[in-house]
Structure formats: C-alpha cells, structure tokens
Amino acid sequence: MNDQLSFFNRFDQTIPLTSLPILFNNPFSYTPHPLCLLAVEKLQAHLKTQTEWNHNFGLSNTIQDGVIVGKMFGVLVVKNEANEIGYLAAFSGKLAGGNHHKYLVPPVFDLLLDGEFLKVGMQELSRINALLESLEENTADGHTKQIAQLKIERKEHSNALQQEIFNHYFFLNKLGEEKSLTDIFKEATRKNPPSGAGECAAPKLLQHAFLHNMQPLAMAEFWWGQSPKSTHWKHDHFYPSCQEKCAPILAHMLKGIELEK
C-alpha cells in the first residue's frame with residue numbers, strides 16, 4: 001500500500017520493533033539490512049509489472065524502443081509520524097525520460113518542470129553553436145578572431161548555466177539545516193559540484209524523508225538492467241553510494257544520524 005502524497009510504502013506484514021536496525025548503515029560500506037531486502041523485493045516486483053511507463057533496461061527478450069540504459073535504484077526504510085514502518089523508493093537521474101512516476105519519490109529539484117532558465121540558456125548555446133559553425137565553414141573570410149571570441153563566450157555561458165542549475169539544489173538533514181549544492185561542495189572539496197550531483201537515488205530518498213518528517217532507518221541501492229558503458233554495474237547487484245557526487249552531499253544530509261562503523 002502506498003500513500004500517494006508522501007510516497008510512503010507499507011510492508012505487507014507487521015514489522016516488529018525488535019527487527020529494526022539499531023544504527024543507520026554507512027551508505028559507502030554496508031550489507032543490506034533484511035528490511036531493505038524486503039523493500040527491494042517489492043520495488044523489483046513493481047518494476048517488472050508496472051505499465052505506467054516504458055524504459056529499455058535491456059532485460060526483455062523482445063525488441064524495445066530506445067537505447068538500453070540500466071538504472072540505479074534505491075530504497076530507504078523509514079518510520080513515519082504515526083510510528084509506522086515502511087519504505088521509500090527512488091531512481092537515479094531520469095527514468096523513461098521523466099522525473100515523476102508513481103511509487104518513486106520526486107527529484108530534489110525538477111529541471112523539466114521548473115527549468116525555464118535552462119531552456120532559455122540552451123537556446124542561447126544553440127545560437128552560439130550555429131554561428132560558430134557558419135563562421136568555421138568560411139574561415140577564408142577572416143573570421144579567426146570572431147571565432148575565438150565566440151568560443152570563449154560559449155564556455156563562459158555554459159559554465160554560468162551549469163552554476164545556475166547547481167544554485168537550485170538545496171538539501172536538508174535531520175537537524176533541519178538546509179544547504180545549497182554549491183556550498184556543500186565548496187566546503188567539502190573547494191570545487192564546484194560535478195554534473196549530475198544531487199540526482200542520485202540516495203539524496204532523493206533522504207530529502208523526501210526529511211521533508212515529510214520521516215525517520216531514516218536503513219538504505220540500500222542496486223543496479224537494474226544492462227550497463228552498456230561499463231562492466232562494473234551488474235544487474236540486481238547492490239552498490240555503495242558514489243564518492244564523487246554523493247559523498248559531500250550525504251555527509252551533510254546524514255549529520256546528526258549515528259552510523260554503523
């Protein structure tokens with residue numbers, strides 16, 4: 001059973017308090033808790049049977065449209081305000097070209113719905129690229145300086161657009177502290193965030209839990225589908241959260257929560 005607004009999913013059986021984890025697992029080194037395994041089983045059953053959307057994971061024997069793209073999914077076992085035990089589910093990045101699907105929590109910030117600035121910015125990049133292409137086809141006419149200047153403008157515009165994207169991501173923790181993606185990475189790494197930071201399953205799950213006053217108890221992430229780009233990701237295998245994109249974010253989001261060693 002799922003609460004549509006909170007995305008809180010109940011287990012089919014009563015969960016005794018004695019079966020709850022004592023400490024939250026370290027997302028970078030863990031063995032999935034039995035309750036996480038139960039939640040994963042239910043999530044995978046949903047992925048196999050749902051008909052709302054179509055995404056080519058490369059698992060079907062029949063030919064499907066679109067490029068094969070496996071996905072990282074995650075579950076977060078939580079306790080809600082009514083002291084009920086359940087779980088949240090999420091995916092990394094986009095799924096079937098979208099951010100919003102039944103059963104799966106929404107993104108921290110939705111560029112597809114609230115990213116008008118991105119649309120405008122990409123239109124400007126397209127204009128610069130078209131002008132560059134035209135000039136480069138006619139280099140004999142002496143456009144060398146203009147081409148060089150346009151390439152500088154393109155780089156500056158692209159960097160500014162990426163920074164604008166980062167500025168729309170804010171992350172909560174148990175203490176109610178909210179911090180921007182840019183500030184998180186500057187404090188932790190003295191660098192700007194990498195592209196796609198904040199879109200992984202783990203930050204989505206924790207953010208949704210904190211927004212709806214749920215207590216995180218345990219989490220796990222697994223790969224679903226084929227991986228055309230890397231042999232590292234294997235179907236139905238569990239993986240730790242990524243260091244490059246998630247480590248600084250989760251350090252902030254898990255502040256105030258005691259972790260397993």
# chains A, B, ... in the order shown; residues from 1 in each chain; ligands from 1
>>> closest_atom_pairs(of="range 55-74 of chain A", to="range 232-235 of chain A", cutoff="10 Å", atoms="only C-alpha atoms", output="Markdown table")
| residue | atom | partner | partner_atom | distance |
| --- | --- | --- | --- | --- |
| A:Phe57 | CA | A:His235 | CA | 9.6 |
| A:Leu59 | CA | A:His235 | CA | 9.1 |
| A:Gly70 | CA | A:His235 | CA | 8.0 |
| A:Lys71 | CA | A:His235 | CA | 9.2 |
| A:Met72 | CA | A:Trp233 | CA | 9.0 |
>>> write_last_selection(atoms="N, CA and C atoms", output="PDB file, in the first residue's frame")
ATOM      1  N   PHE A  57      15.515  -1.355 -20.189  1.00  0.00           N
ATOM      2  CA  PHE A  57      16.596  -1.785 -19.306  1.00  0.00           C
ATOM      3  C   PHE A  57      17.473  -2.862 -19.956  1.00  0.00           C
ATOM      4  N   LEU A  59      16.443  -5.940 -20.482  1.00  0.00           N
ATOM      5  CA  LEU A  59      16.160  -7.203 -19.804  1.00  0.00           C
ATOM      6  C   LEU A  59      15.118  -8.048 -20.522  1.00  0.00           C
ATOM      7  N   GLY A  70      20.562   0.907 -18.188  1.00  0.00           N
ATOM      8  CA  GLY A  70      20.296   0.416 -16.847  1.00  0.00           C
ATOM      9  C   GLY A  70      20.218   1.580 -15.873  1.00  0.00           C
ATOM     10  N   LYS A  71      19.655   1.347 -14.688  1.00  0.00           N
ATOM     11  CA  LYS A  71      19.467   2.422 -13.716  1.00  0.00           C
ATOM     12  C   LYS A  71      19.822   1.952 -12.311  1.00  0.00           C
ATOM     13  N   MET A  72      20.314   2.896 -11.510  1.00  0.00           N
ATOM     14  CA  MET A  72      20.492   2.638 -10.096  1.00  0.00           C
ATOM     15  C   MET A  72      19.192   3.015  -9.384  1.00  0.00           C
TER      16      MET A  72
END
>>> residues_around(residues="Gly97 in chain A", least_positions_apart="4", cutoff="10 Å", atoms="only C-alpha atoms", output="MDAnalysis selection string")
chainID A and resid 53:55 93 112
>>> closest_residue(among="A:His157, A:Gly176, A:Ala220, A:Pro107", to="Ala197 in chain A", atoms="only C-alpha atoms")
A:Pro107
>>> closest_residue(among="A:Ile85, A:Val69, A:Ala148, A:Cys246", to="Asn56 in chain A", atoms="only C-alpha atoms")
A:Val69
>>> select_by_dssp(residues="range 48-234 of chain A", states="strand (DSSP E or B)", output="ChimeraX atom specification")
/A:71-79,85-91,95,98,101,104,170-172,178-180,215-224
>>> write_last_selection(atoms="N, CA and C atoms", output="CSV table (one decimal), in the first residue's frame")
chain,number,residue,atom,x,y,z
A,71,LYS,N,19.7,1.3,-14.7
A,71,LYS,CA,19.5,2.4,-13.7
A,71,LYS,C,19.8,2.0,-12.3
A,72,MET,N,20.3,2.9,-11.5
A,72,MET,CA,20.5,2.6,-10.1
A,72,MET,C,19.2,3.0,-9.4
A,73,PHE,N,18.7,2.1,-8.6
A,73,PHE,CA,17.5,2.3,-7.8
A,73,PHE,C,17.9,2.2,-6.3
A,74,GLY,N,17.1,2.8,-5.4
A,74,GLY,CA,17.4,2.8,-4.0
A,74,GLY,C,16.1,2.7,-3.2
A,75,VAL,N,16.3,2.1,-2.0
A,75,VAL,CA,15.2,2.0,-1.0
A,75,VAL,C,15.7,2.6,0.3
A,76,LEU,N,14.7,3.2,1.0
A,76,LEU,CA,15.0,3.8,2.3
A,76,LEU,C,14.0,3.4,3.3
A,77,VAL,N,14.3,2.5,4.2
A,77,VAL,CA,13.4,2.1,5.3
A,77,VAL,C,13.2,3.3,6.2
A,78,VAL,N,11.9,3.6,6.6
A,78,VAL,CA,11.7,4.8,7.4
A,78,VAL,C,10.6,4.5,8.4
A,79,LYS,N,10.5,5.4,9.4
A,79,LYS,CA,9.4,5.4,10.4
A,79,LYS,C,8.7,6.7,10.2
A,85,ILE,N,6.2,1.6,10.2
A,85,ILE,CA,7.5,1.3,9.4
A,85,ILE,C,7.1,1.0,8.0
A,86,GLY,N,7.8,1.6,7.1
A,86,GLY,CA,7.6,1.4,5.7
A,86,GLY,C,8.9,1.8,4.9
A,87,TYR,N,8.8,2.1,3.7
A,87,TYR,CA,10.0,2.5,2.9
A,87,TYR,C,9.6,3.4,1.8
A,88,LEU,N,10.6,4.1,1.3
A,88,LEU,CA,10.6,5.0,0.1
A,88,LEU,C,11.4,4.3,-1.0
A,89,ALA,N,11.1,4.6,-2.2
A,89,ALA,CA,11.9,4.1,-3.3
A,89,ALA,C,12.2,5.2,-4.3
A,90,ALA,N,13.4,5.1,-5.0
A,90,ALA,CA,13.8,6.2,-5.9
A,90,ALA,C,14.7,5.6,-7.0
A,91,PHE,N,14.9,6.4,-8.0
A,91,PHE,CA,15.8,6.1,-9.1
A,91,PHE,C,16.8,7.2,-9.3
A,95,LEU,N,14.1,8.6,-15.5
A,95,LEU,CA,13.6,7.3,-15.8
A,95,LEU,C,12.5,7.5,-16.9
A,98,GLY,N,11.5,10.9,-17.8
A,98,GLY,CA,10.8,11.8,-16.9
A,98,GLY,C,11.3,11.7,-15.5
A,101,HIS,N,7.1,9.6,-11.3
A,101,HIS,CA,6.4,8.3,-11.6
A,101,HIS,C,5.8,7.8,-10.3
A,104,LEU,N,7.7,6.2,-6.9
A,104,LEU,CA,9.0,6.6,-6.8
A,104,LEU,C,9.1,8.1,-6.4
A,170,PHE,N,18.9,22.4,-3.1
A,170,PHE,CA,19.1,22.6,-1.6
A,170,PHE,C,18.8,21.3,-0.9
A,171,PHE,N,19.6,20.9,0.1
A,171,PHE,CA,19.5,19.6,0.8
A,171,PHE,C,19.3,19.8,2.3
A,172,LEU,N,18.4,19.0,2.8
A,172,LEU,CA,18.1,19.1,4.2
A,172,LEU,C,18.8,18.0,5.0
A,178,GLU,N,19.4,23.4,6.0
A,178,GLU,CA,19.3,23.4,4.6
A,178,GLU,C,20.6,24.0,4.0
A,179,LYS,N,21.2,23.3,3.0
A,179,LYS,CA,22.4,23.9,2.4
A,179,LYS,C,22.4,23.6,0.9
A,180,SER,N,22.9,24.6,0.2
A,180,SER,CA,22.9,24.5,-1.3
A,180,SER,C,24.0,23.6,-1.8
A,215,GLN,N,11.7,9.3,9.8
A,215,GLN,CA,13.0,8.9,10.3
A,215,GLN,C,13.7,7.9,9.5
A,216,PRO,N,14.8,8.2,8.9
A,216,PRO,CA,15.5,7.1,8.1
A,216,PRO,C,16.1,6.1,9.0
A,217,LEU,N,15.9,4.8,8.6
A,217,LEU,CA,16.4,3.7,9.4
A,217,LEU,C,17.5,2.8,8.7
A,218,ALA,N,17.4,2.7,7.4
A,218,ALA,CA,18.4,1.9,6.7
A,218,ALA,C,18.1,2.1,5.2
A,219,MET,N,19.2,2.0,4.4
A,219,MET,CA,19.0,2.2,2.9
A,219,MET,C,19.9,1.2,2.2
A,220,ALA,N,19.5,1.0,0.9
A,220,ALA,CA,20.3,0.2,0.0
A,220,ALA,C,20.1,0.6,-1.4
A,221,GLU,N,21.1,0.5,-2.3
A,221,GLU,CA,21.0,0.8,-3.7
A,221,GLU,C,21.4,-0.3,-4.5
A,222,PHE,N,20.7,-0.5,-5.7
A,222,PHE,CA,21.0,-1.7,-6.5
A,222,PHE,C,20.9,-1.2,-8.0
A,223,TRP,N,21.6,-2.0,-8.9
A,223,TRP,CA,21.6,-1.7,-10.3
A,223,TRP,C,20.5,-2.6,-11.0
A,224,TRP,N,19.8,-2.0,-11.9
A,224,TRP,CA,18.7,-2.7,-12.6
A,224,TRP,C,18.8,-2.6,-14.1
>>> decode(residues="range 54-120 of chain A", atoms="C-alpha atoms", output="PDB file, in the first residue's frame")
ATOM      1  CA  ASN A  54       8.342   2.191 -20.662  1.00  0.00           C
ATOM      2  CA  HIS A  55      12.109   2.185 -20.187  1.00  0.00           C
ATOM      3  CA  ASN A  56      14.510  -0.107 -22.024  1.00  0.00           C
ATOM      4  CA  PHE A  57      16.596  -1.785 -19.306  1.00  0.00           C
ATOM      5  CA  GLY A  58      17.797  -4.404 -21.778  1.00  0.00           C
ATOM      6  CA  LEU A  59      16.160  -7.203 -19.804  1.00  0.00           C
ATOM      7  CA  SER A  60      13.364  -8.172 -22.196  1.00  0.00           C
ATOM      8  CA  ASN A  61      13.653 -10.926 -24.780  1.00  0.00           C
ATOM      9  CA  THR A  62      11.618  -8.791 -27.168  1.00  0.00           C
ATOM     10  CA  ILE A  63      12.973  -5.786 -29.059  1.00  0.00           C
ATOM     11  CA  GLN A  64      12.239  -2.493 -27.273  1.00  0.00           C
ATOM     12  CA  ASP A  65      12.459   1.101 -28.452  1.00  0.00           C
ATOM     13  CA  GLY A  66      15.238   3.343 -27.221  1.00  0.00           C
ATOM     14  CA  VAL A  67      18.826   2.872 -26.152  1.00  0.00           C
ATOM     15  CA  ILE A  68      19.448   0.281 -23.438  1.00  0.00           C
ATOM     16  CA  VAL A  69      20.035   2.179 -20.181  1.00  0.00           C
ATOM     17  CA  GLY A  70      20.296   0.416 -16.847  1.00  0.00           C
ATOM     18  CA  LYS A  71      19.467   2.422 -13.716  1.00  0.00           C
ATOM     19  CA  MET A  72      20.492   2.638 -10.096  1.00  0.00           C
ATOM     20  CA  PHE A  73      17.511   2.327  -7.764  1.00  0.00           C
ATOM     21  CA  GLY A  74      17.377   2.775  -4.022  1.00  0.00           C
ATOM     22  CA  VAL A  75      15.156   2.046  -1.033  1.00  0.00           C
ATOM     23  CA  LEU A  76      15.049   3.803   2.321  1.00  0.00           C
ATOM     24  CA  VAL A  77      13.358   2.104   5.272  1.00  0.00           C
ATOM     25  CA  VAL A  78      11.669   4.786   7.381  1.00  0.00           C
ATOM     26  CA  LYS A  79       9.401   5.394  10.354  1.00  0.00           C
ATOM     27  CA  ASN A  80       6.637   7.929   9.691  1.00  0.00           C
ATOM     28  CA  GLU A  81       4.957  10.339  12.108  1.00  0.00           C
ATOM     29  CA  ALA A  82       2.413   7.651  13.034  1.00  0.00           C
ATOM     30  CA  ASN A  83       5.319   5.358  14.072  1.00  0.00           C
ATOM     31  CA  GLU A  84       4.571   3.053  11.135  1.00  0.00           C
ATOM     32  CA  ILE A  85       7.462   1.268   9.447  1.00  0.00           C
ATOM     33  CA  GLY A  86       7.622   1.447   5.675  1.00  0.00           C
ATOM     34  CA  TYR A  87       9.950   2.455   2.903  1.00  0.00           C
ATOM     35  CA  LEU A  88      10.577   4.964   0.136  1.00  0.00           C
ATOM     36  CA  ALA A  89      11.864   4.093  -3.338  1.00  0.00           C
ATOM     37  CA  ALA A  90      13.820   6.172  -5.868  1.00  0.00           C
ATOM     38  CA  PHE A  91      15.847   6.059  -9.072  1.00  0.00           C
ATOM     39  CA  SER A  92      18.949   7.970 -10.135  1.00  0.00           C
ATOM     40  CA  GLY A  93      18.734  10.575 -12.881  1.00  0.00           C
ATOM     41  CA  LYS A  94      15.700  10.354 -15.138  1.00  0.00           C
ATOM     42  CA  LEU A  95      13.550   7.314 -15.849  1.00  0.00           C
ATOM     43  CA  ALA A  96      11.695   6.829 -19.147  1.00  0.00           C
ATOM     44  CA  GLY A  97      12.589  10.440 -19.968  1.00  0.00           C
ATOM     45  CA  GLY A  98      10.828  11.827 -16.898  1.00  0.00           C
ATOM     46  CA  ASN A  99      11.249  12.666 -13.227  1.00  0.00           C
ATOM     47  CA  HIS A 100       7.810  11.806 -11.823  1.00  0.00           C
ATOM     48  CA  HIS A 101       6.442   8.285 -11.573  1.00  0.00           C
ATOM     49  CA  LYS A 102       4.048   6.558  -9.190  1.00  0.00           C
ATOM     50  CA  TYR A 103       5.740   4.734  -6.299  1.00  0.00           C
ATOM     51  CA  LEU A 104       9.047   6.614  -6.761  1.00  0.00           C
ATOM     52  CA  VAL A 105       9.934   9.822  -4.915  1.00  0.00           C
ATOM     53  CA  PRO A 106      10.385  13.032  -6.951  1.00  0.00           C
ATOM     54  CA  PRO A 107      13.719  14.776  -7.567  1.00  0.00           C
ATOM     55  CA  VAL A 108      15.197  17.342  -5.192  1.00  0.00           C
ATOM     56  CA  PHE A 109      14.753  19.910  -7.976  1.00  0.00           C
ATOM     57  CA  ASP A 110      12.926  19.245 -11.237  1.00  0.00           C
ATOM     58  CA  LEU A 111      14.685  20.806 -14.212  1.00  0.00           C
ATOM     59  CA  LEU A 112      11.979  19.508 -16.545  1.00  0.00           C
ATOM     60  CA  LEU A 113       9.194  21.409 -14.745  1.00  0.00           C
ATOM     61  CA  ASP A 114      10.981  24.373 -13.183  1.00  0.00           C
ATOM     62  CA  GLY A 115      13.935  24.796 -15.522  1.00  0.00           C
ATOM     63  CA  GLU A 116      12.720  27.562 -17.845  1.00  0.00           C
ATOM     64  CA  PHE A 117      16.095  29.234 -17.298  1.00  0.00           C
ATOM     65  CA  LEU A 118      17.738  26.069 -18.650  1.00  0.00           C
ATOM     66  CA  LYS A 119      15.573  26.132 -21.789  1.00  0.00           C
ATOM     67  CA  VAL A 120      16.498  29.761 -22.440  1.00  0.00           C
TER      68      VAL A 120
END
